[in-house]
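Read the structure below first, then the notes.
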Amino acid sequence: VQLQASGGGLVQAGDSLRLSCLASGRIFGYTVGWFRQAPGKEREFVARISPSGGSTVYADSVKGRFTISRDNAKNMGSLQMNNLEPEDTAVYYCAAQLLGSSQYGYWGQGTQVTVSS
């Protein structure tokens, strides 16, 4: 499975962005996750969604502002980001973890999100 993240950009604090993650093959059976890495910082978990879409988990820093979703028919995952803050500035990566696997084995190339104050 190859993943391609898109939708990043430069926005002002309080604005919204929607990131997309398009898979080259079927993603049914994979957990889809979003991670981000800010300059000089470690990559951190943002959100994940179960293969069926029935379960989601968020980092505390984005809870209530970000919404993860997926469309298995379109082999696509999304991350709706509302009320963006300068601290959300980072490169965002989508990743896929095969059901039963212990780690995310597939990663997209990343998309830059920059939030100005």
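If you're wondering about the labels, chains in the structure tokens are A, B, ... by order shown, residues count from 1 in each chain, ligands from 1 in order shown.
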Self-check item: Those of range 10-96 of chain A in DSSP strand (DSSP E), formatted as a ChimeraX atom specification
Solution: /A:10-12,17-23,30-37,44-49,56-58,66-71,76-81,90-96
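Omitting Phe35 in chain A and its sequence neighbours fewer than 6 positions away, and counting only C-alpha atoms, the residues within 9 Å are Arg43, Glu44, Phe45, Val46, Ala47, Arg48, Val91, Tyr92, Tyr93, Cys94 and Ala95 of chain A.
As for CA of Met81 in chain A and CA of Arg65 in chain A, they are spaced 6.1 Å apart.
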Find the residues around Gly64 in chain A up to 12 Å (only C-alpha atoms counted), leave out those fewer than 3 positions away in its own chain, and share them as a PDB file with all heavy atoms, in the first residue's frame.
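Result saved to result_16.pdb:
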```pdb
ATOM      1  N   ALA A  47      -3.873  11.157  15.628  1.00  0.00           N
ATOM      2  CA  ALA A  47      -5.172  10.484  15.680  1.00  0.00           C
ATOM      3  C   ALA A  47      -5.089   9.178  14.913  1.00  0.00           C
ATOM      4  O   ALA A  47      -4.208   9.003  14.062  1.00  0.00           O
ATOM      5  CB  ALA A  47      -6.268  11.366  15.089  1.00  0.00           C
ATOM      6  N   VAL A  57      -9.219   7.472  18.072  1.00  0.00           N
ATOM      7  CA  VAL A  57      -8.427   7.900  19.222  1.00  0.00           C
ATOM      8  C   VAL A  57      -7.705   9.178  18.827  1.00  0.00           C
ATOM      9  O   VAL A  57      -7.212   9.285  17.697  1.00  0.00           O
ATOM     10  CB  VAL A  57      -7.405   6.825  19.631  1.00  0.00           C
ATOM     11  CG1 VAL A  57      -6.554   7.313  20.800  1.00  0.00           C
ATOM     12  CG2 VAL A  57      -8.099   5.524  20.006  1.00  0.00           C
ATOM     13  N   TYR A  58      -7.633  10.111  19.764  1.00  0.00           N
ATOM     14  CA  TYR A  58      -6.993  11.395  19.492  1.00  0.00           C
ATOM     15  C   TYR A  58      -5.967  11.727  20.570  1.00  0.00           C
ATOM     16  O   TYR A  58      -6.123  11.373  21.736  1.00  0.00           O
ATOM     17  CB  TYR A  58      -8.031  12.516  19.466  1.00  0.00           C
ATOM     18  CG  TYR A  58      -9.053  12.403  18.365  1.00  0.00           C
ATOM     19  CD1 TYR A  58     -10.252  11.735  18.577  1.00  0.00           C
ATOM     20  CD2 TYR A  58      -8.813  12.954  17.113  1.00  0.00           C
ATOM     21  CE1 TYR A  58     -11.194  11.619  17.563  1.00  0.00           C
ATOM     22  CE2 TYR A  58      -9.747  12.851  16.092  1.00  0.00           C
ATOM     23  CZ  TYR A  58     -10.936  12.181  16.331  1.00  0.00           C
ATOM     24  OH  TYR A  58     -11.855  12.073  15.316  1.00  0.00           O
ATOM     25  N   ALA A  59      -4.957  12.454  20.156  1.00  0.00           N
ATOM     26  CA  ALA A  59      -4.044  13.024  21.134  1.00  0.00           C
ATOM     27  C   ALA A  59      -4.794  14.113  21.902  1.00  0.00           C
ATOM     28  O   ALA A  59      -5.674  14.783  21.351  1.00  0.00           O
ATOM     29  CB  ALA A  59      -2.836  13.629  20.434  1.00  0.00           C
ATOM     30  N   ASP A  60      -4.459  14.282  23.149  1.00  0.00           N
ATOM     31  CA  ASP A  60      -5.139  15.276  23.979  1.00  0.00           C
ATOM     32  C   ASP A  60      -5.043  16.674  23.371  1.00  0.00           C
ATOM     33  O   ASP A  60      -5.966  17.484  23.493  1.00  0.00           O
ATOM     34  CB  ASP A  60      -4.539  15.291  25.386  1.00  0.00           C
ATOM     35  CG  ASP A  60      -4.934  14.069  26.185  1.00  0.00           C
ATOM     36  OD1 ASP A  60      -5.904  13.378  25.802  1.00  0.00           O
ATOM     37  OD2 ASP A  60      -4.271  13.787  27.202  1.00  0.00           O
ATOM     38  N   SER A  61      -3.939  16.956  22.714  1.00  0.00           N
ATOM     39  CA  SER A  61      -3.698  18.299  22.181  1.00  0.00           C
ATOM     40  C   SER A  61      -4.639  18.668  21.034  1.00  0.00           C
ATOM     41  O   SER A  61      -4.800  19.850  20.727  1.00  0.00           O
ATOM     42  CB  SER A  61      -2.251  18.434  21.714  1.00  0.00           C
ATOM     43  OG  SER A  61      -1.959  17.470  20.717  1.00  0.00           O
ATOM     44  N   THR A  67     -10.910  15.946  13.612  1.00  0.00           N
ATOM     45  CA  THR A  67     -11.763  14.790  13.403  1.00  0.00           C
ATOM     46  C   THR A  67     -11.168  13.907  12.320  1.00  0.00           C
ATOM     47  O   THR A  67     -10.935  14.375  11.203  1.00  0.00           O
ATOM     48  CB  THR A  67     -13.178  15.204  12.996  1.00  0.00           C
ATOM     49  OG1 THR A  67     -13.738  16.062  13.994  1.00  0.00           O
ATOM     50  CG2 THR A  67     -14.074  13.976  12.841  1.00  0.00           C
ATOM     51  N   ILE A  68     -10.923  12.661  12.664  1.00  0.00           N
ATOM     52  CA  ILE A  68     -10.400  11.716  11.689  1.00  0.00           C
ATOM     53  C   ILE A  68     -11.560  10.907  11.111  1.00  0.00           C
ATOM     54  O   ILE A  68     -12.521  10.584  11.813  1.00  0.00           O
ATOM     55  CB  ILE A  68      -9.339  10.781  12.332  1.00  0.00           C
ATOM     56  CG1 ILE A  68      -8.619   9.960  11.272  1.00  0.00           C
ATOM     57  CG2 ILE A  68      -9.945   9.901  13.409  1.00  0.00           C
ATOM     58  CD1 ILE A  68      -7.423   9.179  11.809  1.00  0.00           C
ATOM     59  N   GLN A  80      -9.869  16.305   9.457  1.00  0.00           N
ATOM     60  CA  GLN A  80     -10.439  17.638   9.481  1.00  0.00           C
ATOM     61  C   GLN A  80      -9.870  18.366  10.695  1.00  0.00           C
ATOM     62  O   GLN A  80     -10.023  17.903  11.827  1.00  0.00           O
ATOM     63  CB  GLN A  80     -11.961  17.569   9.565  1.00  0.00           C
ATOM     64  CG  GLN A  80     -12.634  18.919   9.692  1.00  0.00           C
ATOM     65  CD  GLN A  80     -12.491  19.765   8.442  1.00  0.00           C
ATOM     66  OE1 GLN A  80     -12.563  19.256   7.326  1.00  0.00           O
ATOM     67  NE2 GLN A  80     -12.265  21.059   8.610  1.00  0.00           N
ATOM     68  N   MET A  81      -9.243  19.487  10.437  1.00  0.00           N
ATOM     69  CA  MET A  81      -8.594  20.241  11.512  1.00  0.00           C
ATOM     70  C   MET A  81      -9.254  21.611  11.634  1.00  0.00           C
ATOM     71  O   MET A  81      -9.193  22.416  10.691  1.00  0.00           O
ATOM     72  CB  MET A  81      -7.098  20.393  11.218  1.00  0.00           C
ATOM     73  CG  MET A  81      -6.398  19.074  10.955  1.00  0.00           C
ATOM     74  SD  MET A  81      -4.607  19.251  10.745  1.00  0.00           S
ATOM     75  CE  MET A  81      -4.532  20.245   9.276  1.00  0.00           C
ATOM     76  N   ASN A  82      -9.898  21.840  12.742  1.00  0.00           N
ATOM     77  CA  ASN A  82     -10.586  23.104  12.991  1.00  0.00           C
ATOM     78  C   ASN A  82      -9.887  23.886  14.099  1.00  0.00           C
ATOM     79  O   ASN A  82      -9.146  23.322  14.903  1.00  0.00           O
ATOM     80  CB  ASN A  82     -12.038  22.849  13.386  1.00  0.00           C
ATOM     81  CG  ASN A  82     -12.837  22.187  12.285  1.00  0.00           C
ATOM     82  OD1 ASN A  82     -12.574  22.386  11.093  1.00  0.00           O
ATOM     83  ND2 ASN A  82     -13.820  21.391  12.673  1.00  0.00           N
ATOM     84  N   ASN A  83     -10.145  25.174  14.124  1.00  0.00           N
ATOM     85  CA  ASN A  83      -9.583  26.032  15.162  1.00  0.00           C
ATOM     86  C   ASN A  83      -8.078  25.797  15.324  1.00  0.00           C
ATOM     87  O   ASN A  83      -7.582  25.568  16.429  1.00  0.00           O
ATOM     88  CB  ASN A  83     -10.306  25.786  16.489  1.00  0.00           C
ATOM     89  CG  ASN A  83     -10.016  26.843  17.526  1.00  0.00           C
ATOM     90  OD1 ASN A  83      -9.603  27.962  17.182  1.00  0.00           O
ATOM     91  ND2 ASN A  83     -10.204  26.514  18.791  1.00  0.00           N
ATOM     92  N   LEU A  84      -7.389  25.872  14.215  1.00  0.00           N
ATOM     93  CA  LEU A  84      -5.957  25.595  14.223  1.00  0.00           C
ATOM     94  C   LEU A  84      -5.195  26.615  15.049  1.00  0.00           C
ATOM     95  O   LEU A  84      -5.561  27.802  15.122  1.00  0.00           O
ATOM     96  CB  LEU A  84      -5.420  25.566  12.794  1.00  0.00           C
ATOM     97  CG  LEU A  84      -5.748  24.286  12.021  1.00  0.00           C
ATOM     98  CD1 LEU A  84      -5.626  24.497  10.530  1.00  0.00           C
ATOM     99  CD2 LEU A  84      -4.842  23.160  12.480  1.00  0.00           C
TER     100      LEU A  84
END
```
Self-check item: Gln12 in chain A environment, 8 Å, only C-alpha atoms, sequence neighbours closer than 4 positions dropped, as a ChimeraX atom specification
Solution: /A:84-85,115-117
For those residues, write C-alpha atoms to a file as an mmCIF file, in the first residue's frame.
```cif
data_model
loop_
_atom_site.group_PDB
_atom_site.id
_atom_site.type_symbol
_atom_site.label_atom_id
_atom_site.label_comp_id
_atom_site.auth_asym_id
_atom_site.auth_seq_id
_atom_site.Cartn_x
_atom_site.Cartn_y
_atom_site.Cartn_z
ATOM 1 C CA LEU A 84 -5.957 25.595 14.223
ATOM 2 C CA GLU A 85 -3.291 26.955 16.528
ATOM 3 C CA VAL A 115 -0.453 28.152 11.198
ATOM 4 C CA SER A 116 0.380 31.801 11.682
ATOM 5 C CA SER A 117 -0.651 33.740 14.758
#
```
Practice problem: Could you check which of A:Ile27, A:Ala38, A:Ala13, A:Val62 is closest to Leu79 in chain A, using only C-alpha atoms? | Solution: A:Val62
Using only C-alpha atoms, I'd like a table of the residues in range 41-89 of chain A that come within 10 Å of range 97-113 of chain A; for each, show the closest atom pair and its distance in Å rounded to one decimal, ordered by chain and ascending number, as CSV.
```
residue,atom,partner,partner_atom,distance
A:Arg48,CA,A:Gln97,CA,9.9
A:Ser50,CA,A:Leu99,CA,8.9
A:Pro51,CA,A:Leu99,CA,7.7
A:Leu84,CA,A:Val113,CA,9.8
A:Pro86,CA,A:Val113,CA,9.7
A:Asp88,CA,A:Val113,CA,7.5
A:Thr89,CA,A:Val113,CA,5.4
```
Exercise. Compare A:Gly40, A:Asn75, A:Val1, A:Glu87 by their minimum atom-to-atom distance to Gly14 in chain A, counting only C-alpha atoms, and give me the closest one.
Key: A:Glu87
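Near Leu22 in chain A, within 9 Å and counting only C-alpha atoms, sit Gln2, Leu3, Gln4, Ala5, Ser6, Lys74, Asn75, Met76, Gly77, Ser78 and Gly108 of chain A; same-chain residues fewer than 6 positions away were not included.
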Go ahead and write the selection's residues with N, CA, C and O atoms as a JSON list (two decimals), in the first residue's frame.
```json
[["chain", "number", "residue", "atom", "x", "y", "z"],
["A", 2, "GLN", "N", 0.65, 2.12, -0.94],
["A", 2, "GLN", "CA", 1.34, 3.41, -0.96],
["A", 2, "GLN", "C", 0.35, 4.50, -0.57],
["A", 2, "GLN", "O", -0.80, 4.47, -0.99],
["A", 3, "LEU", "N", 0.83, 5.43, 0.23],
["A", 3, "LEU", "CA", -0.03, 6.48, 0.75],
["A", 3, "LEU", "C", 0.45, 7.84, 0.27],
["A", 3, "LEU", "O", 1.65, 8.09, 0.21],
["A", 4, "GLN", "N", -0.49, 8.71, -0.02],
["A", 4, "GLN", "CA", -0.15, 10.07, -0.45],
["A", 4, "GLN", "C", -1.01, 11.05, 0.34],
["A", 4, "GLN", "O", -2.23, 11.05, 0.21],
["A", 5, "ALA", "N", -0.34, 11.85, 1.15],
["A", 5, "ALA", "CA", -1.03, 12.86, 1.95],
["A", 5, "ALA", "C", -1.06, 14.18, 1.19],
["A", 5, "ALA", "O", -0.11, 14.53, 0.49],
["A", 6, "SER", "N", -2.15, 14.90, 1.36],
["A", 6, "SER", "CA", -2.28, 16.20, 0.71],
["A", 6, "SER", "C", -3.22, 17.08, 1.53],
["A", 6, "SER", "O", -3.87, 16.61, 2.47],
["A", 74, "LYS", "N", -13.34, 4.53, -1.18],
["A", 74, "LYS", "CA", -12.46, 5.40, -1.96],
["A", 74, "LYS", "C", -11.00, 5.22, -1.57],
["A", 74, "LYS", "O", -10.14, 5.92, -2.09],
["A", 75, "ASN", "N", -10.74, 4.28, -0.63],
["A", 75, "ASN", "CA", -9.37, 4.05, -0.16],
["A", 75, "ASN", "C", -8.74, 5.35, 0.33],
["A", 75, "ASN", "O", -7.58, 5.68, 0.00],
["A", 76, "MET", "N", -9.49, 6.07, 1.12],
["A", 76, "MET", "CA", -9.04, 7.39, 1.55],
["A", 76, "MET", "C", -9.30, 7.61, 3.03],
["A", 76, "MET", "O", -10.32, 7.19, 3.57],
["A", 77, "GLY", "N", -8.35, 8.28, 3.66],
["A", 77, "GLY", "CA", -8.52, 8.74, 5.03],
["A", 77, "GLY", "C", -8.45, 10.26, 5.04],
["A", 77, "GLY", "O", -7.87, 10.87, 4.13],
["A", 78, "SER", "N", -9.05, 10.87, 6.06],
["A", 78, "SER", "CA", -9.06, 12.32, 6.14],
["A", 78, "SER", "C", -8.86, 12.78, 7.57],
["A", 78, "SER", "O", -9.14, 12.04, 8.52],
["A", 108, "GLY", "N", 2.91, 7.84, 4.32],
["A", 108, "GLY", "CA", 2.86, 8.80, 3.23],
["A", 108, "GLY", "C", 4.04, 9.75, 3.32],
["A", 108, "GLY", "O", 4.82, 9.72, 4.27]]
```
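Coordinates place CA of Val32 in chain A at a distance of 18.7 Å from CA of Ala90 in chain A.
You will find CA of Ala96 in chain A at 25.7 Å from CA of Leu10 in chain A.
In this comparison, which uses only C-alpha atoms, the residue of A:Ser69, A:Ser52, A:Thr114, A:Ser16 approaching Gly29 in chain A most closely is A:Ser52.
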